[in-house]
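Report on one structure; see the data block that follows.
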Amino acid sequence: MAMSTRYLLVAMAVMLGVGAQAQPPAPVASAIVPASECRTASAMIAFDFDGASASACAILGEREFAVLVSPEHAPPINPSPWYAFRYESAGDAPVSITLRYLGRKHRYAPKWNGGGGWRELVADVADDGAAASLNVPGGAGVVAAQEVIGPDDHAAVLRLWSAEAGAPILNLGQSHDGRPVEALRLGRADAPKLVVLLGRQHPPEVTGAIAMQAFVDELVGIAGRDPGLGADTQFLIVPLINPDGAARGHWRANRGSTDLNRDWGDFAQPETRAVKAWLDALTAHVRPVLMIDFHSTTRNLFYVQGDEANAAQQRFLAAWLAGREEDFAGYPFTIEPRNANPGSGTAKNWFYATYDIPAYTYEVADTADRSAARRAAGDLAASLITALEELGR
Ligand SMILES: [Zn+2]
């Protein structure tokens with residue numbers, strides 16, 4: 001969706017540090033034009049890979065750049081200001097980057113990968129949160145709001161799971177851009193109980209994706225050791241339901257400028273429709289018994305059904321999560337009951353309302369210790385198998 005001219009003017013002013021105003025600012029100097037790649041004699045930054053943000057940049061000095069962190073559509077939009085770019089530079093001197101946020105505040109501490117894995121960088125955040133400055137080491141690397149996990153990464157992991165489990169990869173449908181919405185079906189196609197796992201409705205919510213990967217790693221291992229599980233229970237695992245948003249570095253939406261987690265009900269978007277079509281085609285003796293949707297927010301929590309949950313659903317919650325909030329070192333969590341809000345369009349509400357099953361949102365803190373989040377997810381996947389027995393009686 002094209003941004004308005006006024007919005008672009010504000011965007012340019014923000015990037016150049018003029019400061020966003022309620023009214024369009026006077027036209028800024030035309031000598032500095034936002035670009036999608038900025039290059040000087042000794043350094044460059046670019047936004048040309050899957051997961052990179054669709055940011056504009058400006059050259060502030062020989063080794064100094066500004067990046068405009070702007071959303072994929074005009075506000076209102078969730079305050080998840082995603083940025084990701086790569087850089088190359090000659091020599092060892094650092095390169096300075098200033099992130100300028102269009103209408104939102106700094107949220108994600110910058111992560112840097114120079115080829116040896118991700119580590120967090122220190123950023124100097126402006127008092128009003130509208131900008132953050134950082135220095136990256138000379139050489140080459142990627143800087144991003146969180147670890148970059150793009151469609152290719154998800155596809156590679158899906159294929160590892162498929163090979164290990166001997167489980168098929170299903171192509172449920174296509175995104176606006178034509179990317180596949182892929183799923184792993186773990187367990188037998190005629191297993192009567194179906195557990196649905198969803199991931200990455202919201203592209204910047206990478207810690208949710210990290211937890212989901214560890215969760216499914218454990219499930220794949222369990223299924224390999226216990227073939228009886230797959231005869232009784234099958235899992236539909238959709239790790240990347242918003243491939244376009246992840247590839248394009250969106251803050252929230254798919255390519256249709258829609259928050260997919262508000263489309264469960266309308267099904268106006270191809271990605272959500274793809275999952276629903278698969279569910280609608282199930283034979284009558286296969287029924288969903290549980291849905292878990294992985295996200296990220298400011299802290300670790302599970303949104304679960306409130307007192308609307310029936311007895312079996314309450315027993316399931318007690319068997320799986322309740323009382324375990326402090327069980328995982330480095331990964332404390334809370335359980336937050338919320339009754340359905342009809343018409344909200346979330347996967348949680350739709351699965352609960354449609355199938356009368358537990359439908360939980362698994363929220364991982366942006367700043368969660370990654371190792372602790374993985375360990376907790378693995379343990380929670382293992383204990384899920386026993387807890388599921390509460391849903392069969
Ligand atoms: Zn989310």
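FYI, nothing fancy with the structure tokens labels: chains A, B, ... in order, residues from 1 per chain, ligands from 1 as they appear.
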
Closest contacts (chain A/ligand 1, max 10 Å, only C-alpha atoms and all ligand atoms) as CSV:
residue,atom,partner,partner_atom_place_in_ligand_line,distance
A:Asn78,CA,ligand 1,1 (Zn),9.2
A:Ser80,CA,ligand 1,1 (Zn),9.5
A:Gly199,CA,ligand 1,1 (Zn),9.2
A:Arg200,CA,ligand 1,1 (Zn),7.6
A:Gln201,CA,ligand 1,1 (Zn),6.5
A:His202,CA,ligand 1,1 (Zn),5.0
A:Pro203,CA,ligand 1,1 (Zn),8.2
A:Pro204,CA,ligand 1,1 (Zn),8.4
A:Glu205,CA,ligand 1,1 (Zn),6.3
A:Val206,CA,ligand 1,1 (Zn),9.8
A:Gly208,CA,ligand 1,1 (Zn),8.5
A:Arg252,CA,ligand 1,1 (Zn),7.9
A:Asp259,CA,ligand 1,1 (Zn),9.3
A:Leu260,CA,ligand 1,1 (Zn),9.5
A:Asn261,CA,ligand 1,1 (Zn),7.6
A:Asp293,CA,ligand 1,1 (Zn),8.8
A:Phe294,CA,ligand 1,1 (Zn),7.5
A:His295,CA,ligand 1,1 (Zn),4.4
A:Ser296,CA,ligand 1,1 (Zn),5.6
A:Thr297,CA,ligand 1,1 (Zn),7.0
A:Thr346,CA,ligand 1,1 (Zn),9.9
A:Thr361,CA,ligand 1,1 (Zn),8.7
A:Tyr362,CA,ligand 1,1 (Zn),9.3
A:Glu363,CA,ligand 1,1 (Zn),7.7
A:Val364,CA,ligand 1,1 (Zn),9.6

Polymer residues at most 9 Å from stretch 237-245 of chain A, only C-alpha atoms, same-chain spacing of 5 or more positions, as an MDAnalysis selection string:
chainID A and resid 51 150:151 154:155 158 175:186 195:204 209 212:213 216 250:255 260 271:272 275 294

Residues of stretch 176-236 of chain A in helix (DSSP H, G or I) according to DSSP, as a ChimeraX atom specification?
/A:206-225,227-232

Put those residues in a file: N, CA and C atoms, as a compact mmCIF listing (two decimals), in the first residue's frame.
# COMPACT_ATOMS: atom_id res chain seq x y z
N VAL A 206 10.45 -12.96 16.73
CA VAL A 206 11.45 -14.00 16.49
C VAL A 206 11.64 -14.90 17.71
N THR A 207 11.50 -14.35 18.92
CA THR A 207 11.70 -15.23 20.08
C THR A 207 10.61 -16.30 20.14
N GLY A 208 9.42 -15.97 19.67
CA GLY A 208 8.37 -16.98 19.56
C GLY A 208 8.77 -18.08 18.59
N ALA A 209 9.41 -17.68 17.49
CA ALA A 209 9.87 -18.66 16.50
C ALA A 209 10.98 -19.55 17.07
N ILE A 210 11.85 -18.96 17.88
CA ILE A 210 12.93 -19.73 18.50
C ILE A 210 12.34 -20.78 19.45
N ALA A 211 11.36 -20.36 20.25
CA ALA A 211 10.72 -21.31 21.16
C ALA A 211 9.98 -22.40 20.39
N MET A 212 9.28 -21.99 19.34
CA MET A 212 8.52 -22.97 18.56
C MET A 212 9.44 -24.02 17.94
N GLN A 213 10.61 -23.58 17.49
CA GLN A 213 11.55 -24.53 16.88
C GLN A 213 12.00 -25.57 17.91
N ALA A 214 12.33 -25.13 19.11
CA ALA A 214 12.75 -26.07 20.16
C ALA A 214 11.59 -26.99 20.55
N PHE A 215 10.39 -26.43 20.57
CA PHE A 215 9.19 -27.19 20.90
C PHE A 215 8.99 -28.32 19.90
N VAL A 216 9.09 -27.99 18.61
CA VAL A 216 8.86 -28.99 17.57
C VAL A 216 10.04 -29.97 17.50
N ASP A 217 11.26 -29.49 17.72
CA ASP A 217 12.41 -30.41 17.81
C ASP A 217 12.09 -31.55 18.77
N GLU A 218 11.57 -31.17 19.93
CA GLU A 218 11.27 -32.16 20.96
C GLU A 218 10.13 -33.09 20.52
N LEU A 219 9.10 -32.51 19.91
CA LEU A 219 7.99 -33.35 19.44
C LEU A 219 8.45 -34.36 18.39
N VAL A 220 9.32 -33.91 17.50
CA VAL A 220 9.82 -34.81 16.45
C VAL A 220 10.62 -35.94 17.10
N GLY A 221 11.41 -35.62 18.11
CA GLY A 221 12.16 -36.65 18.83
C GLY A 221 11.24 -37.64 19.52
N ILE A 222 10.22 -37.12 20.18
CA ILE A 222 9.27 -37.98 20.90
C ILE A 222 8.54 -38.90 19.92
N ALA A 223 8.11 -38.33 18.79
CA ALA A 223 7.38 -39.13 17.80
C ALA A 223 8.25 -40.26 17.26
N GLY A 224 9.55 -39.99 17.15
CA GLY A 224 10.46 -41.03 16.67
C GLY A 224 10.60 -42.18 17.67
N ARG A 225 10.54 -41.86 18.96
CA ARG A 225 10.71 -42.90 19.99
C ARG A 225 9.40 -43.62 20.30
N PRO A 227 6.10 -44.54 18.34
CA PRO A 227 5.24 -44.56 17.15
C PRO A 227 3.76 -44.58 17.51
N GLY A 228 3.43 -45.05 18.72
CA GLY A 228 2.03 -45.10 19.14
C GLY A 228 1.42 -43.71 19.23
N LEU A 229 2.26 -42.72 19.53
CA LEU A 229 1.76 -41.34 19.64
C LEU A 229 1.12 -40.89 18.33
N GLY A 230 1.82 -41.16 17.23
CA GLY A 230 1.35 -40.69 15.93
C GLY A 230 0.11 -41.40 15.43
N ALA A 231 -0.20 -42.57 16.03
CA ALA A 231 -1.43 -43.27 15.64
C ALA A 231 -2.64 -42.62 16.28
N ASP A 232 -2.41 -42.02 17.44
CA ASP A 232 -3.52 -41.42 18.20
C ASP A 232 -3.63 -39.91 17.95

Mind checking DSSP for stretch 80-329 of chain A and telling me the strand (DSSP E) residues as number ranges by chain?
A: 84-89, 95-101, 111-113, 118-120, 124-125, 131-136, 140-144, 169-174, 180-186, 193-199, 233-238, 287-297, 301-304

Near stretch 312-322 of chain A, within 7 Å and counting only C-alpha atoms, which residues show up once chain neighbours fewer than 5 positions away are dropped, as a ChimeraX atom specification?
/A:358,383-384,387-388,390-391
